[in-house]
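Working notes, structure below.
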Amino acid sequence: MKFLSTALAATALVAMTPMAPAFAAQPAGVTAGMEVVDTNGNAVGTVVSAGNDLITIRTDRHDVPVPVASFTPHEGKLLFAMSAADLNAAVDANLAAAEASVTLGKPVKDVAGVEFGTIDEITDEYIQLALADDKIVRIPVDGLQKDAGGAIALYNAADLIADASDRPVEAMAEAEGEAAVEAGAEAAVEAAAEVDAHAGHDMGAEGAN
């Protein structure tokens with residue numbers, strides 16, 4: 001069973017249309033084990049816990065914190081606008097998007113939501129971020145949080161930018177060298193093709209004679 005953080009679950013369910021608010025900030029009468037059903041009366045899951053603004057329900061696959069306003073009490077149960085299959089699918093999609101957020105080239109935001117760089121390198125010890133003006137900065141692996149809305153560095157962008165350094169000249173030269181090799185290889189292939197085409201033309205001319 002996978003467990004979602006509150007923030008992750010909220011992102012997954014942001015597009016869900018809530019039912020009419022039925023509770024105050026602290027939902028009264030909601031207890032662990034209470035059954036949650038969809039509008040057709042089919043089982044969605046059971047209540048794990050109820051907080052100030054969220055009720056965590058357990059489906060057959062996930063524990064999902066959901067906004068209180070998404071439920072309506074009915075005959076000792078909680079009515080919910082999504083079926084178990086739809087809720088599981090929304091969570092699965094959210095988890096997949098979060099996983100994909102920490103890959104090379106993906107944008108990175110800081111804790112304030114400011115996008116300031118991209119993922120440049122990933123190792124077991126650190127993650128390197130590429131910033132503007134060919135600057136780089138490294139943070140611990142656990143300093144970057146996966147999120148469906150884009151990876152989040154658990155720092156302020158200003159602090160990371162202040163700690164950034166120039167990309168090593170060796171790395172830049174290596175990248176330029178690789179680009180030059182690729183360009184040379186492409187030029188060689190094109191030249192060979194032109195030679196072959198010219199040779200074929202000459203042979204055709206000789207045959208005509």
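We label chains A, B, ... in the order they appear in the structure tokens, count residues from 1 in each chain, and number ligands from 1 in the order shown.
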Sorted by chain and rising residue number, list the residues of region 39-101 of chain A at most 7 Å from region 142-163 of chain A (counting only C-alpha atoms), each with its closest atom pair and distance in Å to one decimal, as CSV.
```
residue,atom,partner,partner_atom,distance
A:Asn94,CA,A:Ala148,CA,5.7
A:Leu95,CA,A:Ala148,CA,7.0
A:Ala97,CA,A:Ala148,CA,4.6
A:Ala98,CA,A:Ala148,CA,3.9
A:Glu99,CA,A:Lys146,CA,6.1
A:Ser101,CA,A:Ala151,CA,5.2
```
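The residue that comes closest to Asp60 (chain A), out of A:Val114, A:Leu87, A:Val169, A:Leu79 and on the basis of only C-alpha atoms, is A:Leu87.
DSSP, applied to the backbone of this structure, assigns helix (DSSP H, G or I) to the following residues of region 37-140 of chain A: Val68, Ala69, Ser70, Ala84, Ala85, Asp86, Leu87, Asn88, Ala89, Ala90, Val91, Asp92, Ala93, Asn94, Leu95, Ala96, Ala97, Ala98, Glu99, Ala100, Ala132, Asp133 and Asp134 of chain A.
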Residue selection dump (C-alpha atoms) as a PDB file, in the first residue's frame:
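File produced: part-v2.pdb:
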```pdb
ATOM      1  CA  VAL A  68     -13.582  17.788   4.418  1.00  0.00           C
ATOM      2  CA  ALA A  69     -15.872  19.702   2.042  1.00  0.00           C
ATOM      3  CA  SER A  70     -15.801  16.738  -0.343  1.00  0.00           C
ATOM      4  CA  ALA A  84     -12.963   3.941  -5.634  1.00  0.00           C
ATOM      5  CA  ALA A  85     -11.591   3.311  -9.134  1.00  0.00           C
ATOM      6  CA  ASP A  86     -11.587   7.028  -9.995  1.00  0.00           C
ATOM      7  CA  LEU A  87      -9.927   7.960  -6.707  1.00  0.00           C
ATOM      8  CA  ASN A  88      -7.235   5.303  -7.128  1.00  0.00           C
ATOM      9  CA  ALA A  89      -6.632   6.438 -10.707  1.00  0.00           C
ATOM     10  CA  ALA A  90      -6.265  10.074  -9.623  1.00  0.00           C
ATOM     11  CA  VAL A  91      -3.746   9.109  -6.958  1.00  0.00           C
ATOM     12  CA  ASP A  92      -1.813   6.841  -9.350  1.00  0.00           C
ATOM     13  CA  ALA A  93      -1.579   9.644 -11.914  1.00  0.00           C
ATOM     14  CA  ASN A  94      -0.402  12.042  -9.227  1.00  0.00           C
ATOM     15  CA  LEU A  95       2.268   9.643  -8.007  1.00  0.00           C
ATOM     16  CA  ALA A  96       3.511   9.049 -11.557  1.00  0.00           C
ATOM     17  CA  ALA A  97       3.732  12.784 -12.217  1.00  0.00           C
ATOM     18  CA  ALA A  98       5.592  13.304  -8.940  1.00  0.00           C
ATOM     19  CA  GLU A  99       8.074  10.541  -9.789  1.00  0.00           C
ATOM     20  CA  ALA A 100       8.727  12.059 -13.212  1.00  0.00           C
ATOM     21  CA  ALA A 132      21.046  31.143 -15.018  1.00  0.00           C
ATOM     22  CA  ASP A 133      24.368  32.419 -16.408  1.00  0.00           C
ATOM     23  CA  ASP A 134      25.820  28.884 -16.492  1.00  0.00           C
TER      24      ASP A 134
END
```
DSSP on the backbone: which residues in region 68-97 of chain A end up as strand (DSSP E)? Give the answer as a PyMOL selection string. chain A and resi 71-74+77-80
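For the pair CA of Val137 (chain A) and CA of Thr118 (chain A), the interatomic distance is 10.5 Å.
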| message | Show me, as number ranges by chain, the residues that have an atom within 6 Å of Ile127 (chain A) when counting only C-alpha atoms, minus same-chain residues fewer than 4 positions from it. | response | A: 121-122, 138-139, 141
